[in-house]
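Chemist: Hey, dropping my_file.pdb in here, PDB, C-alpha atoms:
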```
ATOM      1  CA  MET A   1     134.466 149.148 -84.152
ATOM      2  CA  ASP A   2     134.303 150.308 -87.744
ATOM      3  CA  ARG A   3     135.358 153.950 -88.018
ATOM      4  CA  ARG A   4     132.062 154.857 -89.722
ATOM      5  CA  VAL A   5     129.987 153.282 -86.968
ATOM      6  CA  ALA A   6     132.150 154.979 -84.333
ATOM      7  CA  ALA A   7     131.609 158.356 -86.020
ATOM      8  CA  ARG A   8     127.834 157.804 -85.999
ATOM      9  CA  ALA A   9     127.942 156.812 -82.316
ATOM     10  CA  MET A  10     129.871 159.984 -81.489
ATOM     11  CA  LEU A  11     126.968 162.082 -82.781
ATOM     12  CA  GLY A  12     125.336 161.289 -79.429
ATOM     13  CA  SER A  13     127.932 163.431 -77.692
ATOM     14  CA  ARG A  14     126.042 166.483 -78.993
ATOM     15  CA  ALA A  15     123.056 165.649 -76.789
ATOM     16  CA  THR A  16     122.514 167.774 -73.720
ATOM     17  CA  ASP A  17     121.654 166.333 -70.308
ATOM     18  CA  ASP A  18     118.052 167.451 -70.845
ATOM     19  CA  ASP A  19     118.005 165.693 -74.232
ATOM     20  CA  VAL A  20     119.212 162.449 -72.660
ATOM     21  CA  ILE A  21     116.715 162.619 -69.792
ATOM     22  CA  GLY A  22     113.861 163.304 -72.203
ATOM     23  CA  LEU A  23     114.892 160.473 -74.501
ATOM     24  CA  ARG A  24     115.194 158.021 -71.607
ATOM     25  CA  ARG A  25     111.776 158.940 -70.238
ATOM     26  CA  GLY A  26     110.211 158.667 -73.675
ATOM     27  CA  ARG A  27     111.871 155.314 -74.255
ATOM     28  CA  GLU A  28     110.561 153.961 -70.949
ATOM     29  CA  ARG A  29     107.025 155.018 -71.930
ATOM     30  CA  LEU A  30     107.383 153.286 -75.292
ATOM     31  CA  ILE A  31     108.737 150.101 -73.685
ATOM     32  CA  ALA A  32     105.798 149.991 -71.259
ATOM     33  CA  ALA A  33     103.251 150.654 -74.027
ATOM     34  CA  LEU A  34     104.684 147.936 -76.273
ATOM     35  CA  GLY A  35     104.666 145.454 -73.385
ATOM     36  CA  GLU A  36     100.981 146.189 -72.812
ATOM     37  CA  ASP A  37     100.186 145.945 -76.521
ATOM     38  CA  LEU A  38     101.963 142.609 -76.853
ATOM     39  CA  GLY A  39     100.094 141.106 -73.916
ATOM     40  CA  GLY A  40     102.542 138.198 -73.734
ATOM     41  CA  ALA A  41     102.833 137.686 -77.498
ATOM     42  CA  LEU A  42     106.120 137.640 -79.361
ATOM     43  CA  LEU A  43     107.083 139.805 -82.305
ATOM     44  CA  ALA A  44     108.214 137.849 -85.354
ATOM     45  CA  MET A  45     109.995 139.528 -88.241
ATOM     46  CA  PRO A  46     112.835 138.957 -90.654
ATOM     47  CA  GLY A  47     116.284 138.953 -89.078
ATOM     48  CA  THR A  48     117.282 141.603 -91.611
ATOM     49  CA  PRO A  49     115.400 143.251 -94.477
ATOM     50  CA  MET A  50     117.994 141.903 -96.936
ATOM     51  CA  THR A  51     120.542 139.175 -97.435
ATOM     52  CA  ALA A  52     124.271 139.773 -97.215
ATOM     53  CA  PRO A  53     125.553 142.313 -99.737
ATOM     54  CA  PRO A  54     128.937 142.155-101.473
ATOM     55  CA  ILE A  55     131.604 143.588 -99.150
ATOM     56  CA  ALA A  56     134.003 145.306-101.586
ATOM     57  CA  PRO A  57     131.632 148.083-102.732
ATOM     58  CA  ILE A  58     130.665 148.823 -99.113
ATOM     59  CA  ASP A  59     134.286 149.048 -98.010
ATOM     60  CA  GLU A  60     135.037 151.487-100.821
ATOM     61  CA  ASN A  61     132.070 153.850-100.400
ATOM     62  CA  ASP A  62     131.219 155.470 -97.049
ATOM     63  CA  GLU A  63     127.712 156.523 -98.120
ATOM     64  CA  LEU A  64     126.912 153.035 -99.404
ATOM     65  CA  PHE A  65     128.249 151.630 -96.118
ATOM     66  CA  ARG A  66     126.028 154.015 -94.135
ATOM     67  CA  THR A  67     122.818 153.234 -96.014
ATOM     68  CA  THR A  68     123.494 149.484 -96.135
ATOM     69  CA  ASN A  69     124.446 149.321 -92.454
ATOM     70  CA  LEU A  70     121.365 151.237 -91.334
ATOM     71  CA  ARG A  71     119.171 149.019 -93.473
ATOM     72  CA  ALA A  72     120.813 145.831 -92.171
ATOM     73  CA  ILE A  73     120.298 146.735 -88.494
ATOM     74  CA  HIS A  74     116.745 148.021 -88.974
ATOM     75  CA  TYR A  75     114.913 145.154 -87.265
ATOM     76  CA  THR A  76     117.514 144.394 -84.597
ATOM     77  CA  PHE A  77     117.551 148.088 -83.701
ATOM     78  CA  LEU A  78     113.867 147.841 -82.776
ATOM     79  CA  GLY A  79     114.625 145.079 -80.290
ATOM     80  CA  ASN A  80     117.463 147.092 -78.777
ATOM     81  CA  LEU A  81     115.377 150.267 -78.565
ATOM     82  CA  PHE A  82     112.554 148.475 -76.778
ATOM     83  CA  ARG A  83     114.969 146.517 -74.517
ATOM     84  CA  MET A  84     113.726 143.195 -75.832
ATOM     85  CA  CYS A  85     115.429 139.845 -75.908
ATOM     86  CA  GLY A  86     115.723 138.326 -79.338
ATOM     87  CA  LEU A  87     116.350 135.037 -81.028
ATOM     88  CA  ALA A  88     117.170 134.549 -84.704
ATOM     89  CA  LEU A  89     116.671 131.261 -86.502
ATOM     90  CA  PRO A  90     117.517 130.265 -90.062
ATOM     91  CA  SER A  91     114.459 130.369 -92.284
ATOM     92  CA  GLY A  92     115.703 129.350 -95.722
ATOM     93  CA  GLU A  93     117.423 130.934 -98.677
ATOM     94  CA  ASP A  94     116.710 133.794-101.039
ATOM     95  CA  ALA A  95     116.590 133.420-104.851
ATOM     96  CA  ALA A  96     120.394 133.698-104.995
ATOM     97  CA  GLY A  97     120.874 130.924-102.425
ATOM     98  CA  LEU A  98     121.912 133.281 -99.614
ATOM     99  CA  PRO A  99     120.680 132.383 -96.115
ATOM    100  CA  THR A 100     117.703 134.168 -94.600
ATOM    101  CA  GLY A 101     116.522 134.286 -91.008
ATOM    102  CA  VAL A 102     113.530 135.013 -88.856
ATOM    103  CA  GLN A 103     113.822 136.926 -85.593
ATOM    104  CA  PHE A 104     111.584 136.520 -82.564
ATOM    105  CA  LEU A 105     111.470 139.292 -79.957
ATOM    106  CA  ALA A 106     110.035 139.144 -76.435
ATOM    107  CA  PRO A 107     109.917 141.723 -73.658
ATOM    108  CA  GLY A 108     113.156 142.021 -71.720
ATOM    109  CA  GLY A 109     113.453 139.368 -69.035
ATOM    110  CA  ASP A 110     111.487 136.762 -71.022
ATOM    111  CA  ASP A 111     114.675 135.067 -72.214
ATOM    112  CA  ASP A 112     113.812 131.586 -70.913
ATOM    113  CA  ARG A 113     110.332 131.677 -72.459
ATOM    114  CA  LEU A 114     111.740 132.952 -75.756
ATOM    115  CA  LEU A 115     114.373 130.215 -75.863
ATOM    116  CA  SER A 116     111.745 127.566 -75.084
ATOM    117  CA  ILE A 117     109.525 128.822 -77.902
ATOM    118  CA  GLY A 118     112.553 128.995 -80.187
ATOM    119  CA  LEU A 119     113.349 125.337 -79.525
ATOM    120  CA  SER A 120     109.764 124.425 -80.373
ATOM    121  CA  VAL A 121     109.888 126.431 -83.599
ATOM    122  CA  GLU A 122     113.236 124.900 -84.527
ATOM    123  CA  ARG A 123     111.857 121.389 -84.000
ATOM    124  CA  ALA A 124     108.775 122.172 -86.066
ATOM    125  CA  LEU A 125     110.840 123.575 -88.946
ATOM    126  CA  ALA A 126     113.095 120.496 -88.933
ATOM    127  CA  ARG A 127     110.174 118.207 -89.752
TER
END
```
Will you turn the file into structure tokens for me?
Modeler:
Amino acid sequence: MDRRVAARAMLGSRATDDDVIGLRRGRERLIAALGEDLGGALLAMPGTPMTAPPIAPIDENDELFRTTNLRAIHYTFLGNLFRMCGLALPSGEDAAGLPTGVQFLAPGGDDDRLLSIGLSVERALAR
């Protein structure tokens, strides 16, 4: 794991038992509410809010790494937070010719349904 990501993960060690219990309960409420709101629908969003950045500047600058990393994981973080299964498919290229993707999220446990829908989407995009 990158040392900067590991340092960010270690910030969780400051949480008390009460903090963790409260966060888990709140998360479960949010997961249930989103499941009800979706009513069987999928969420569709970009795989990331940006295309791949140049690596050298990120490796050289911890603050640039932090802001770029947090931006890059923005949409996938939502799926993780809400315990969703996800599927990313290529969706084209940006103006610079870099690949872009679309991400589909379904409630946790809907993996087979999500994969089936993904295959249908992939076939439709190939036409």
Chemist: Can you turn the PyMOL selection byres ((chain A and resi 19-36) around 8) into a concrete residue list for this file, as a PDB file with C-alpha atoms, in the coordinates of the input?
Modeler:
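Printed below is selection.pdb as written:
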```pdb
ATOM      1  CA  ALA A  15     123.056 165.649 -76.789  1.00  0.00           C
ATOM      2  CA  THR A  16     122.514 167.774 -73.720  1.00  0.00           C
ATOM      3  CA  ASP A  17     121.654 166.333 -70.308  1.00  0.00           C
ATOM      4  CA  ASP A  18     118.052 167.451 -70.845  1.00  0.00           C
ATOM      5  CA  ASP A  37     100.186 145.945 -76.521  1.00  0.00           C
ATOM      6  CA  LEU A  38     101.963 142.609 -76.853  1.00  0.00           C
ATOM      7  CA  GLY A  39     100.094 141.106 -73.916  1.00  0.00           C
ATOM      8  CA  GLY A  40     102.542 138.198 -73.734  1.00  0.00           C
ATOM      9  CA  LEU A  81     115.377 150.267 -78.565  1.00  0.00           C
ATOM     10  CA  PHE A  82     112.554 148.475 -76.778  1.00  0.00           C
ATOM     11  CA  ARG A  83     114.969 146.517 -74.517  1.00  0.00           C
ATOM     12  CA  PRO A 107     109.917 141.723 -73.658  1.00  0.00           C
TER      13      PRO A 107
END
```
Chemist: Nearest residue to A:Leu43 out of A:Asp112, A:Thr76, A:Thr68, A:Ala9, using all atoms listed in the file?
Modeler: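 Ranked by minimum distance to A:Leu43, first place goes to A:Thr76.
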Chemist: In Å to one decimal, how far is atom CA of A:Met10 from atom CA of A:Asn69?
Modeler: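 Calculated distance between atom CA of A:Asn69 and atom CA of A:Met10 is 16.2 Å.
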Chemist: For the structure provided, state which residues fall under the PyMOL selection byres ((chain A and resi 47-59) around 9), and present them as a tab-separated table (two decimals) with C-alpha atoms, keeping the file's coordinate frame.
Modeler:
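Final output, out.tsv:
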```tsv
chain	number	residue	atom	x	y	z
A	44	ALA	CA	108.21	137.85	-85.35
A	45	MET	CA	110.00	139.53	-88.24
A	46	PRO	CA	112.84	138.96	-90.65
A	60	GLU	CA	135.04	151.49	-100.82
A	61	ASN	CA	132.07	153.85	-100.40
A	62	ASP	CA	131.22	155.47	-97.05
A	63	GLU	CA	127.71	156.52	-98.12
A	64	LEU	CA	126.91	153.04	-99.40
A	65	PHE	CA	128.25	151.63	-96.12
A	66	ARG	CA	126.03	154.01	-94.14
A	68	THR	CA	123.49	149.48	-96.14
A	71	ARG	CA	119.17	149.02	-93.47
A	72	ALA	CA	120.81	145.83	-92.17
A	73	ILE	CA	120.30	146.74	-88.49
A	74	HIS	CA	116.74	148.02	-88.97
A	75	TYR	CA	114.91	145.15	-87.26
A	76	THR	CA	117.51	144.39	-84.60
A	87	LEU	CA	116.35	135.04	-81.03
A	88	ALA	CA	117.17	134.55	-84.70
A	89	LEU	CA	116.67	131.26	-86.50
A	90	PRO	CA	117.52	130.26	-90.06
A	93	GLU	CA	117.42	130.93	-98.68
A	94	ASP	CA	116.71	133.79	-101.04
A	98	LEU	CA	121.91	133.28	-99.61
A	99	PRO	CA	120.68	132.38	-96.12
A	100	THR	CA	117.70	134.17	-94.60
A	101	GLY	CA	116.52	134.29	-91.01
A	102	VAL	CA	113.53	135.01	-88.86
A	103	GLN	CA	113.82	136.93	-85.59
A	104	PHE	CA	111.58	136.52	-82.56
```
Chemist: Excluding same-chain residues fewer than 3 positions from A:Ala106, what lies within 7 Å of it counting all atoms listed in the file, as a PDB file with C-alpha atoms, keeping the file's coordinate frame?
Modeler:
```pdb
ATOM      1  CA  LEU A  42     106.120 137.640 -79.361  1.00  0.00           C
ATOM      2  CA  LEU A  43     107.083 139.805 -82.305  1.00  0.00           C
ATOM      3  CA  MET A  84     113.726 143.195 -75.832  1.00  0.00           C
ATOM      4  CA  CYS A  85     115.429 139.845 -75.908  1.00  0.00           C
ATOM      5  CA  GLY A  86     115.723 138.326 -79.338  1.00  0.00           C
ATOM      6  CA  ASP A 110     111.487 136.762 -71.022  1.00  0.00           C
ATOM      7  CA  LEU A 114     111.740 132.952 -75.756  1.00  0.00           C
TER       8      LEU A 114
END
```
